[in-house]
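Peer 1: Sending over entry_19.tsv (TSV, C-alpha atoms).
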chain	number	residue	atom	x	y	z
R	31	MET	CA	-46.89	-26.64	21.55
R	32	LYS	CA	-44.98	-27.34	18.37
R	33	ASP	CA	-46.76	-24.48	16.63
R	34	GLU	CA	-45.87	-22.15	19.47
R	35	GLN	CA	-42.27	-23.26	19.25
R	36	GLU	CA	-42.15	-22.71	15.50
R	37	LYS	CA	-43.71	-19.28	15.89
R	38	TRP	CA	-41.15	-18.43	18.53
R	39	ILE	CA	-38.27	-19.60	16.27
R	40	ASP	CA	-39.69	-17.66	13.33
R	41	ALA	CA	-39.87	-14.54	15.47
R	42	ILE	CA	-36.21	-14.96	16.41
R	43	LEU	CA	-35.08	-15.56	12.84
R	44	ASN	CA	-36.98	-12.44	11.74
R	45	SER	CA	-35.89	-10.27	14.67
R	46	THR	CA	-33.49	-8.24	12.52
R	47	GLN	CA	-36.31	-7.00	10.29
R	48	GLY	CA	-36.63	-3.24	10.37
R	49	SER	CA	-33.27	-2.85	12.11
R	50	ARG	CA	-30.96	0.05	11.39
R	51	ARG	CA	-27.24	-0.19	10.84
R	52	ALA	CA	-25.11	0.15	13.96
R	53	GLN	CA	-22.96	3.29	13.86
R	54	PRO	CA	-19.29	3.42	14.84
R	55	SER	CA	-18.08	6.00	17.36
R	56	ALA	CA	-17.53	9.57	16.14
R	57	ASP	CA	-13.77	9.43	16.69
R	58	LEU	CA	-13.19	6.26	14.65
R	59	PHE	CA	-11.89	8.13	11.61
R	60	ALA	CA	-9.41	10.02	13.75
R	61	LYS	CA	-8.08	6.70	15.05
R	62	ILE	CA	-7.73	5.42	11.48
R	63	GLU	CA	-5.95	8.60	10.37
R	64	GLN	CA	-3.41	8.21	13.14
R	65	GLN	CA	-2.39	4.87	11.70
R	66	LEU	CA	-1.90	6.13	8.17
R	67	PRO	CA	1.61	7.02	6.96
R	68	ILE	CA	2.52	10.64	7.67
R	69	GLN	CA	2.26	12.79	4.56
R	70	GLN	CA	5.75	14.10	3.82
R	71	ALA	CA	5.92	17.81	2.94
R	72	ARG	CA	8.26	18.36	0.03
R	73	ILE	CA	11.38	19.99	1.39
R	74	ILE	CA	13.11	22.28	-1.06
R	75	SER	CA	16.82	22.86	-0.36
R	76	ILE	CA	18.25	26.36	-0.13
R	77	GLY	CA	20.26	25.73	-3.29
R	78	GLN	CA	17.15	24.75	-5.22
R	79	ARG	CA	15.37	27.83	-3.92
R	80	ARG	CA	18.19	30.11	-5.11
R	81	ILE	CA	18.14	28.53	-8.54
R	82	ALA	CA	14.38	29.03	-8.69
R	83	ILE	CA	14.69	32.70	-7.74
R	84	VAL	CA	17.45	33.33	-10.29
R	85	ALA	CA	15.42	31.61	-12.99
R	86	ALA	CA	12.38	33.72	-12.12
R	87	VAL	CA	14.42	36.93	-12.24
R	88	LEU	CA	15.97	36.00	-15.60
R	89	LEU	CA	12.54	35.22	-16.98
R	90	LEU	CA	11.24	38.57	-15.77
R	91	LEU	CA	14.18	40.44	-17.30
R	92	ALA	CA	13.72	38.58	-20.58
R	93	ASN	CA	10.06	39.53	-20.62
R	94	ILE	CA	10.87	43.17	-19.91
R	95	PHE	CA	13.44	43.18	-22.72
R	96	VAL	CA	11.01	41.67	-25.19
R	97	LEU	CA	8.31	44.09	-24.12
R	98	GLN	CA	10.66	47.04	-24.59
R	99	GLN	CA	11.65	45.80	-28.00
R	100	TYR	CA	8.05	45.42	-28.99
R	101	THR	CA	6.90	48.79	-27.75
R	102	GLY	CA	9.99	50.35	-29.33
R	103	SER	CA	9.18	48.89	-32.73
R	104	VAL	CA	5.55	49.92	-32.45
R	105	ASN	CA	6.66	53.49	-31.67
R	106	SER	CA	9.05	53.66	-34.62
R	107	GLU	CA	6.38	52.32	-37.00
R	108	ALA	CA	3.99	54.90	-35.70
R	109	THR	CA	6.66	57.60	-36.23
R	110	ILE	CA	7.28	56.40	-39.79
R	111	ALA	CA	3.55	56.33	-40.48
R	112	ASN	CA	3.15	59.85	-39.06
R	113	THR	CA	6.11	61.15	-41.05
R	114	SER	CA	4.70	59.68	-44.27
R	115	GLU	CA	1.36	61.25	-43.59
R	116	MET	CA	2.96	64.58	-42.91
R	117	ALA	CA	5.11	64.19	-45.98
R	118	ASP	CA	2.03	63.59	-48.08
R	119	LYS	CA	0.44	66.67	-46.68
R	120	LEU	CA	3.54	68.70	-47.32
R	121	ILE	CA	3.83	67.36	-50.83
R	122	SER	CA	0.19	68.06	-51.51
R	123	ASP	CA	0.70	71.49	-50.03
R	124	TYR	CA	3.48	72.07	-52.57
R	125	ASN	CA	1.18	71.17	-55.42
R	126	ILE	CA	0.65	74.78	-56.14
R	127	TYR	CA	-0.03	74.47	-59.84
R	128	GLN	CA	-3.45	72.78	-59.46
X	701	MET	CA	-19.49	14.13	-3.57
X	702	ASN	CA	-17.59	11.87	-5.95
X	703	SER	CA	-18.74	8.35	-6.67
X	704	ALA	CA	-17.03	5.44	-4.96
X	705	ASP	CA	-15.18	4.61	-8.20
X	706	GLN	CA	-13.83	8.13	-8.47
X	707	LEU	CA	-12.95	8.20	-4.79
X	708	ILE	CA	-10.94	4.99	-4.87
X	709	GLN	CA	-8.84	6.37	-7.74
X	710	LEU	CA	-8.19	9.52	-5.76
X	711	VAL	CA	-7.32	7.48	-2.68
X	712	ALA	CA	-4.88	5.50	-4.83
X	713	ALA	CA	-3.21	8.83	-5.63
X	714	GLY	CA	-2.92	9.56	-1.91
X	715	ASP	CA	-5.82	11.99	-1.62
X	716	ARG	CA	-6.72	12.07	2.09
X	717	GLN	CA	-9.92	14.04	1.59
X	718	ALA	CA	-11.16	11.43	-0.85
X	719	PHE	CA	-10.30	8.77	1.71
X	720	GLN	CA	-12.42	10.54	4.30
X	721	GLN	CA	-15.31	10.73	1.85
X	722	LEU	CA	-14.95	7.02	1.16
X	723	TYR	CA	-14.97	6.39	4.89
X	724	THR	CA	-18.20	8.41	5.22
X	725	LEU	CA	-19.81	6.28	2.50
X	726	PHE	CA	-18.84	2.93	3.96
X	727	ALA	CA	-18.14	3.26	7.71
X	728	ASP	CA	-21.55	2.15	8.93
X	729	LYS	CA	-21.68	-0.73	6.41
X	730	VAL	CA	-18.30	-2.01	7.54
X	731	TYR	CA	-19.02	-1.55	11.21
X	732	ASN	CA	-22.47	-3.11	11.05
X	733	THR	CA	-21.16	-6.17	9.21
X	734	ALA	CA	-18.29	-6.55	11.67
X	735	ILE	CA	-20.52	-6.29	14.70
X	736	GLY	CA	-22.68	-9.09	13.29
X	737	TYR	CA	-19.64	-11.36	13.51
X	738	VAL	CA	-17.98	-10.30	16.73
X	739	ARG	CA	-20.97	-9.11	18.79
X	740	ASN	CA	-19.16	-6.38	20.66
X	741	GLN	CA	-18.48	-2.77	19.76
X	742	GLU	CA	-14.81	-2.73	20.68
X	743	ASP	CA	-13.85	-5.57	18.33
X	744	ALA	CA	-16.12	-4.23	15.61
X	745	GLU	CA	-14.27	-0.90	15.74
X	746	GLU	CA	-10.92	-2.68	15.64
X	747	ILE	CA	-12.08	-4.51	12.50
X	748	ALA	CA	-13.36	-1.28	10.94
X	749	GLN	CA	-9.97	0.37	11.54
X	750	ASP	CA	-8.13	-2.57	9.95
X	751	VAL	CA	-10.49	-2.57	6.98
X	752	PHE	CA	-10.04	1.10	6.15
X	753	ILE	CA	-6.29	0.95	6.57
X	754	ARG	CA	-6.22	-1.95	4.14
X	755	VAL	CA	-8.42	0.01	1.76
X	756	PHE	CA	-5.97	2.91	1.90
X	757	GLN	CA	-2.92	0.69	1.47
X	758	ASN	CA	-4.39	-1.37	-1.36
X	759	ALA	CA	-6.32	1.27	-3.30
X	760	THR	CA	-3.63	1.19	-5.99
X	761	ARG	CA	-4.28	-2.52	-6.48
X	762	PHE	CA	-8.03	-2.15	-6.96
X	763	LYS	CA	-8.63	-3.01	-10.61
X	764	GLY	CA	-12.36	-2.31	-10.84
X	765	GLU	CA	-13.25	-5.94	-11.56
X	766	SER	CA	-15.93	-5.62	-8.90
X	767	ALA	CA	-17.76	-2.69	-7.41
X	768	VAL	CA	-15.85	-0.76	-4.76
X	769	GLY	CA	-18.50	-1.68	-2.19
X	770	THR	CA	-18.17	-5.38	-3.01
X	771	TRP	CA	-14.41	-5.12	-2.53
X	772	ILE	CA	-14.76	-3.35	0.80
X	773	TYR	CA	-17.35	-5.83	2.06
X	774	ARG	CA	-15.00	-8.69	1.12
X	775	ILE	CA	-12.19	-7.12	3.13
X	776	THR	CA	-14.61	-6.69	6.04
X	777	VAL	CA	-15.75	-10.32	5.95
X	778	ASN	CA	-12.17	-11.63	5.80
X	779	THR	CA	-10.95	-9.30	8.54
X	780	SER	CA	-13.86	-10.26	10.79
X	781	LEU	CA	-13.33	-13.99	10.29
X	782	ASN	CA	-9.60	-13.59	10.91
X	783	LEU	CA	-10.19	-11.79	14.18
X	784	ILE	CA	-12.58	-14.49	15.34
X	785	LYS	CA	-9.99	-17.19	14.55
X	786	LYS	CA	-7.29	-15.18	16.29
X	787	LYS	CA	-9.41	-14.83	19.42
X	788	LYS	CA	-10.26	-18.52	19.47
X	789	ARG	CA	-6.56	-19.34	19.37
X	790	SER	CA	-5.68	-16.80	22.06
X	791	PRO	CA	-5.47	-18.27	25.57
X	792	HIS	CA	-5.90	-14.79	27.05
X	793	VAL	CA	-9.58	-14.38	26.24
X	794	ALA	CA	-11.34	-15.15	29.49
X	795	LEU	CA	-14.08	-17.73	29.24
X	796	ASP	CA	-16.54	-15.55	31.10
X	797	GLU	CA	-15.79	-12.68	28.70
X	798	ALA	CA	-16.55	-14.97	25.76
X	799	GLU	CA	-19.72	-16.19	27.39
X	800	ARG	CA	-20.76	-12.62	28.11
X	801	ASP	CA	-20.32	-11.73	24.46
X	802	GLN	CA	-22.56	-14.60	23.54
X	803	ILE	CA	-25.43	-13.88	25.85
X	804	ASP	CA	-25.56	-10.17	26.47
X	805	PHE	CA	-25.02	-8.74	23.01
X	806	ASP	CA	-27.59	-6.11	22.12
X	807	HIS	CA	-27.22	-4.99	18.51
X	808	PRO	CA	-27.70	-1.20	18.69
X	809	GLY	CA	-29.85	-1.05	15.57
X	810	ILE	CA	-32.45	-3.67	16.49
X	811	LEU	CA	-35.98	-2.45	17.12
X	812	LEU	CA	-36.89	-2.37	20.81
X	813	GLU	CA	-39.67	-4.91	20.48
X	814	HIS	CA	-37.28	-7.41	18.89
X	815	LYS	CA	-34.31	-6.98	21.24
X	816	GLU	CA	-34.98	-10.10	23.32
X	817	HIS	CA	-35.32	-12.33	20.25
X	818	ALA	CA	-32.34	-10.72	18.52
X	819	ARG	CA	-30.20	-11.42	21.56
X	820	LEU	CA	-30.92	-15.14	21.11
X	821	LEU	CA	-30.34	-14.95	17.37
X	822	PHE	CA	-26.90	-13.45	17.77
X	823	GLN	CA	-26.18	-16.07	20.41
X	824	VAL	CA	-26.57	-18.84	17.83
X	825	ILE	CA	-25.34	-17.20	14.60
X	826	HIS	CA	-21.70	-17.66	15.57
X	827	THR	CA	-22.20	-21.44	15.82
X	828	LEU	CA	-22.75	-21.65	12.06
X	829	PRO	CA	-19.97	-22.67	9.67
X	830	GLU	CA	-18.17	-19.64	8.20
X	831	ASN	CA	-19.89	-19.57	4.83
X	832	GLN	CA	-23.37	-19.95	6.29
X	833	GLN	CA	-22.58	-17.32	8.91
X	834	THR	CA	-21.37	-14.87	6.27
X	835	ALA	CA	-24.38	-15.45	4.00
X	836	PHE	CA	-26.72	-15.00	6.96
X	837	ILE	CA	-25.05	-11.85	8.33
X	838	LEU	CA	-24.85	-10.15	4.93
X	839	SER	CA	-28.47	-11.05	4.12
X	840	PHE	CA	-30.24	-10.55	7.45
X	841	VAL	CA	-28.03	-8.23	9.49
X	842	GLU	CA	-26.69	-6.07	6.68
X	843	HIS	CA	-29.86	-6.57	4.59
X	844	LEU	CA	-28.04	-6.83	1.28
X	845	PRO	CA	-29.77	-8.16	-1.84
X	846	ARG	CA	-28.97	-11.82	-2.52
X	847	GLN	CA	-27.06	-11.00	-5.72
X	848	GLU	CA	-24.81	-8.59	-3.85
X	849	VAL	CA	-24.15	-11.27	-1.24
X	850	ALA	CA	-23.27	-13.64	-4.09
X	851	ASP	CA	-20.87	-11.06	-5.58
X	852	ILE	CA	-19.16	-10.49	-2.23
X	853	MET	CA	-18.78	-14.20	-1.55
X	854	ALA	CA	-17.81	-14.90	-5.18
X	855	LEU	CA	-20.56	-17.50	-5.41
X	856	SER	CA	-23.57	-18.04	-7.61
X	857	LEU	CA	-26.97	-16.82	-6.48
X	858	LYS	CA	-28.08	-20.43	-6.18
X	859	ALA	CA	-25.15	-21.24	-3.92
X	860	VAL	CA	-26.04	-18.34	-1.62
X	861	GLU	CA	-29.69	-19.42	-1.46
X	862	SER	CA	-28.52	-22.92	-0.55
X	863	LEU	CA	-26.24	-21.57	2.20
X	864	LEU	CA	-29.09	-19.52	3.64
X	865	GLN	CA	-31.44	-22.51	3.61
X	866	ARG	CA	-28.89	-24.63	5.47
X	867	ALA	CA	-28.11	-21.78	7.86
X	868	LYS	CA	-31.77	-21.36	8.78
X	869	LYS	CA	-32.19	-25.11	9.26
X	870	LYS	CA	-29.20	-25.22	11.59
X	871	LEU	CA	-30.37	-22.16	13.50
X	872	ARG	CA	-33.81	-23.72	13.96
X	873	GLU	CA	-32.22	-26.82	15.46
X	874	LYS	CA	-30.13	-24.74	17.87
X	875	LEU	CA	-33.05	-22.54	18.83
X	876	LYS	CA	-35.24	-25.56	19.60
X	877	ASN	CA	-32.80	-26.34	22.40
X	878	LEU	CA	-33.22	-22.84	23.75
X	879	TYR	CA	-37.00	-22.83	23.64
X	880	PRO	CA	-38.14	-21.86	27.16
X	881	ASN	CA	-40.84	-24.45	27.60
X	882	ARG	CA	-39.26	-27.37	25.84
X	883	ARG	CA	-39.77	-30.85	27.22
X	884	LYS	CA	-36.58	-32.41	28.53
What do you get writing this file as structure tokens?
Peer 2:
Amino acid sequence: MKDEQEKWIDAILNSTQGSRRAQPSADLFAKIEQQLPIQQARIISIGQRRIAIVAAVLLLLANIFVLQQYTGSVNSEATIANTSEMADKLISDYNIYQ
Amino acid sequence: MNSADQLIQLVAAGDRQAFQQLYTLFADKVYNTAIGYVRNQEDAEEIAQDVFIRVFQNATRFKGESAVGTWIYRITVNTSLNLIKKKKRSPHVALDEAERDQIDFDHPGILLEHKEHARLLFQVIHTLPENQQTAFILSFVEHLPRQEVADIMALSLKAVESLLQRAKKKLREKLKNLYPNRRK
């Protein structure tokens, strides 16, 4: 009798062996999300937007100016180089006594 | 997927996607632990909600002194015990509802052949003192290694083993009274 009782108690104490974890319902995360603070979208004022646009335009114009300056200087260097080359040719062409 | 340590840092920065990933990692652990305490699905879900909200709110305070899982289990244990205390104090919980919780609880994960015995086990677990109940639930319902139980409870391994020994002794005594063919 006592053995039977002990076996029965052992079976109860071991009854969770092989068990799987209980799973919460599929919509639990949605319920949690609803309780979280609302994420605030950053609101940019019209004034700030205008300043941003003006700054972008100025930056663009500055870049265009710099680019023009650069390409202009490259062109004039190329012109000078070409002229020198031509000059050499001309000078060598004039070397009529050799 | 990021590790739990990486996720908690992202959650601390307000990353909602990271929070969802963290939820995916720990939802069943939290829920299963909770249901071991409260023995009904509705309360277990309420606890799980509270736990994850606390995780979100306190992610910035997590210092990494323990593993993220240990921290989350601790929150789950405390939230579960608090809900039990709250319900005991509440006059609105009907006695028959409480009795129904005690007798009819079928843990969804228990193997079919053990359901009858598990029903009795869950009937008597809640009669244990808090520490013994926690050690027992984490060890035998959640199936955590003893060291992890010790970490969660902030106790030594020896202390946890002692709690489990005393818990089993107490459960045996209670179960003797429930034995079907006992002599009166």
Peer 1: Counting only C-alpha atoms, what are the residues of chain R within 7 Å of chain X, and for each of them which pair of atoms is the nearest and at what distance in Å, to one decimal? Sort the table by chain and rising number, as a Markdown table.
Peer 2:
| residue | atom | partner | partner_atom | distance |
| --- | --- | --- | --- | --- |
| R:Gln35 | CA | X:Tyr879 | CA | 6.9 |
| R:Ile39 | CA | X:Arg872 | CA | 6.5 |
| R:Ala41 | CA | X:His817 | CA | 7.0 |
| R:Ile42 | CA | X:His817 | CA | 4.7 |
| R:Leu43 | CA | X:Leu821 | CA | 6.6 |
| R:Ser45 | CA | X:Ala818 | CA | 5.3 |
| R:Thr46 | CA | X:Ile810 | CA | 6.1 |
| R:Gly48 | CA | X:Leu811 | CA | 6.8 |
| R:Ser49 | CA | X:Ile810 | CA | 4.5 |
| R:Arg50 | CA | X:Gly809 | CA | 4.5 |
| R:Arg51 | CA | X:Gly809 | CA | 5.5 |
| R:Ala52 | CA | X:Asn732 | CA | 5.1 |
| R:Gln53 | CA | X:Asp728 | CA | 5.3 |
| R:Pro54 | CA | X:Tyr731 | CA | 6.2 |
| R:Ile62 | CA | X:Gln749 | CA | 5.5 |
| R:Leu66 | CA | X:Ile753 | CA | 7.0 |
Peer 1: For CA of Glu765 (chain X) and CA of Ile708 (chain X), quote the distance in Å rounded to one decimal.
Peer 2: 13.0 Å
Peer 1: Show which residues sit within 12 Å of Ser703 (chain X), as a compact mmCIF listing (two decimals) with C-alpha atoms, keeping the file's coordinate frame. Count all atoms listed in the file, and ignore same-chain residues fewer than 4 positions away.
Peer 2:
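Output (result_26.txt):
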# COMPACT_ATOMS: atom_id res chain seq x y z
CA LEU X 707 -12.95 8.20 -4.79
CA ILE X 708 -10.94 4.99 -4.87
CA GLN X 709 -8.84 6.37 -7.74
CA LEU X 710 -8.19 9.52 -5.76
CA ALA X 718 -11.16 11.43 -0.85
CA PHE X 719 -10.30 8.77 1.71
CA GLN X 721 -15.31 10.73 1.85
CA LEU X 722 -14.95 7.02 1.16
CA THR X 724 -18.20 8.41 5.22
CA LEU X 725 -19.81 6.28 2.50
CA PHE X 726 -18.84 2.93 3.96
CA ALA X 767 -17.76 -2.69 -7.41
CA VAL X 768 -15.85 -0.76 -4.76
CA GLY X 769 -18.50 -1.68 -2.19
Peer 1: Show me, as a PyMOL selection string, the residues that have an atom within 12 Å of Asn782 (chain X) when counting only C-alpha atoms, minus same-chain residues fewer than 2 positions from it.
Peer 2: chain X and resi 734+737-738+743+746-747+750-751+775-780+784-789+830
Peer 1: Hey, can you check how far CA of Val849 (chain X) sits from CA of Trp771 (chain X)?
Peer 2: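 Between CA of Val849 (chain X) and CA of Trp771 (chain X) the gap works out to 11.6 Å.
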Peer 1: Residues within 8 Å of Thr770 (chain X), please, as number ranges by chain. Count only C-alpha atoms; anything in the same chain fewer than 6 positions from it doesn't count.
Peer 2: X: 848, 851-852
Peer 1: I'd like the interatomic distance between CA of Glu63 (chain R) and CA of Val755 (chain X), to a tenth of an Å.
Peer 2: 12.4 Å
Peer 1: Excluding same-chain residues fewer than 5 positions from Ala850 (chain X), what lies within 8 Å of it counting all atoms listed in the file, as a PDB file with C-alpha atoms, in the frame of the given file?
Peer 2:
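To be explicit, this is the file written out as part.pdb:
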ATOM      1  CA  LEU X 855     -20.560 -17.500  -5.410  1.00  0.00           C
ATOM      2  CA  SER X 856     -23.570 -18.040  -7.610  1.00  0.00           C
ATOM      3  CA  LEU X 857     -26.970 -16.820  -6.480  1.00  0.00           C
ATOM      4  CA  ALA X 859     -25.150 -21.240  -3.920  1.00  0.00           C
ATOM      5  CA  VAL X 860     -26.040 -18.340  -1.620  1.00  0.00           C
TER       6      VAL X 860
END
Peer 1: Emit region 741-752 of chain X of the structure in the block as a file comprising all heavy atoms, as a tab-separated table (two decimals), in the first residue's frame.
Peer 2:
chain	number	residue	atom	x	y	z
X	741	GLN	N	-4.90	30.72	-18.31
X	741	GLN	CA	-4.26	31.35	-19.48
X	741	GLN	C	-4.47	32.86	-19.48
X	741	GLN	O	-3.59	33.61	-19.90
X	741	GLN	CB	-4.80	30.71	-20.76
X	741	GLN	CG	-4.41	29.24	-20.83
X	741	GLN	CD	-4.82	28.54	-22.11
X	741	GLN	OE1	-4.97	29.16	-23.15
X	741	GLN	NE2	-5.01	27.24	-22.04
X	742	GLU	N	-5.60	33.29	-18.99
X	742	GLU	CA	-5.92	34.72	-19.01
X	742	GLU	C	-4.94	35.51	-18.14
X	742	GLU	O	-4.36	36.51	-18.56
X	742	GLU	CB	-7.33	34.91	-18.49
X	742	GLU	CG	-7.95	36.25	-18.84
X	742	GLU	CD	-9.33	36.38	-18.23
X	742	GLU	OE1	-10.12	35.41	-18.36
X	742	GLU	OE2	-9.60	37.42	-17.61
X	743	ASP	N	-4.74	35.03	-16.91
X	743	ASP	CA	-3.81	35.72	-16.00
X	743	ASP	C	-2.37	35.61	-16.50
X	743	ASP	O	-1.58	36.55	-16.35
X	743	ASP	CB	-3.92	35.12	-14.59
X	743	ASP	CG	-5.19	35.54	-13.87
X	743	ASP	OD1	-5.86	36.48	-14.36
X	743	ASP	OD2	-5.51	34.93	-12.84
X	744	ALA	N	-2.04	34.46	-17.07
X	744	ALA	CA	-0.68	34.28	-17.59
X	744	ALA	C	-0.41	35.28	-18.71
X	744	ALA	O	0.70	35.83	-18.81
X	744	ALA	CB	-0.48	32.85	-18.08
X	745	GLU	N	-1.39	35.54	-19.54
X	745	GLU	CA	-1.21	36.53	-20.62
X	745	GLU	C	-1.13	37.94	-20.05
X	745	GLU	O	-0.35	38.77	-20.54
X	745	GLU	CB	-2.36	36.44	-21.63
X	745	GLU	CG	-2.27	35.20	-22.50
X	745	GLU	CD	-2.72	35.39	-23.93
X	745	GLU	OE1	-3.40	36.39	-24.23
X	745	GLU	OE2	-2.41	34.52	-24.77
X	746	GLU	N	-1.88	38.20	-19.02
X	746	GLU	CA	-1.81	39.53	-18.37
X	746	GLU	C	-0.39	39.74	-17.82
X	746	GLU	O	0.21	40.81	-17.99
X	746	GLU	CB	-2.82	39.61	-17.24
X	746	GLU	CG	-2.89	40.99	-16.61
X	746	GLU	CD	-3.83	41.04	-15.40
X	746	GLU	OE1	-4.84	40.30	-15.41
X	746	GLU	OE2	-3.54	41.81	-14.48
X	747	ILE	N	0.15	38.70	-17.19
X	747	ILE	CA	1.52	38.78	-16.65
X	747	ILE	C	2.52	38.99	-17.78
X	747	ILE	O	3.41	39.84	-17.69
X	747	ILE	CB	1.87	37.50	-15.86
X	747	ILE	CG1	1.07	37.47	-14.55
X	747	ILE	CG2	3.36	37.41	-15.56
X	747	ILE	CD1	1.09	36.12	-13.85
X	748	ALA	N	2.37	38.24	-18.85
X	748	ALA	CA	3.30	38.34	-19.98
X	748	ALA	C	3.27	39.76	-20.55
X	748	ALA	O	4.33	40.33	-20.87
X	748	ALA	CB	2.94	37.33	-21.06
X	749	GLN	N	2.11	40.35	-20.64
X	749	GLN	CA	2.00	41.74	-21.15
X	749	GLN	C	2.76	42.68	-20.22
X	749	GLN	O	3.57	43.50	-20.68
X	749	GLN	CB	0.53	42.17	-21.20
X	749	GLN	CG	-0.25	41.58	-22.35
X	749	GLN	CD	-1.66	42.14	-22.41
X	749	GLN	OE1	-1.87	43.35	-22.44
X	749	GLN	NE2	-2.63	41.26	-22.45
X	750	ASP	N	2.51	42.55	-18.91
X	750	ASP	CA	3.19	43.42	-17.93
X	750	ASP	C	4.70	43.26	-18.02
X	750	ASP	O	5.44	44.24	-17.95
X	750	ASP	CB	2.73	43.07	-16.51
X	750	ASP	CG	1.35	43.62	-16.20
X	750	ASP	OD1	0.85	44.43	-17.01
X	750	ASP	OD2	0.77	43.22	-15.18
X	751	VAL	N	5.13	42.01	-18.16
X	751	VAL	CA	6.57	41.75	-18.19
X	751	VAL	C	7.22	42.45	-19.38
X	751	VAL	O	8.24	43.15	-19.22
X	751	VAL	CB	6.85	40.22	-18.25
X	751	VAL	CG1	8.29	39.94	-18.63
X	751	VAL	CG2	6.50	39.57	-16.93
X	752	PHE	N	6.63	42.31	-20.55
X	752	PHE	CA	7.28	42.89	-21.74
X	752	PHE	C	7.20	44.41	-21.75
X	752	PHE	O	8.11	45.08	-22.24
X	752	PHE	CB	6.71	42.27	-23.03
X	752	PHE	CG	7.31	40.93	-23.32
X	752	PHE	CD1	6.63	39.76	-23.02
X	752	PHE	CD2	8.58	40.82	-23.84
X	752	PHE	CE1	7.19	38.52	-23.25
X	752	PHE	CE2	9.16	39.58	-24.07
X	752	PHE	CZ	8.47	38.43	-23.77
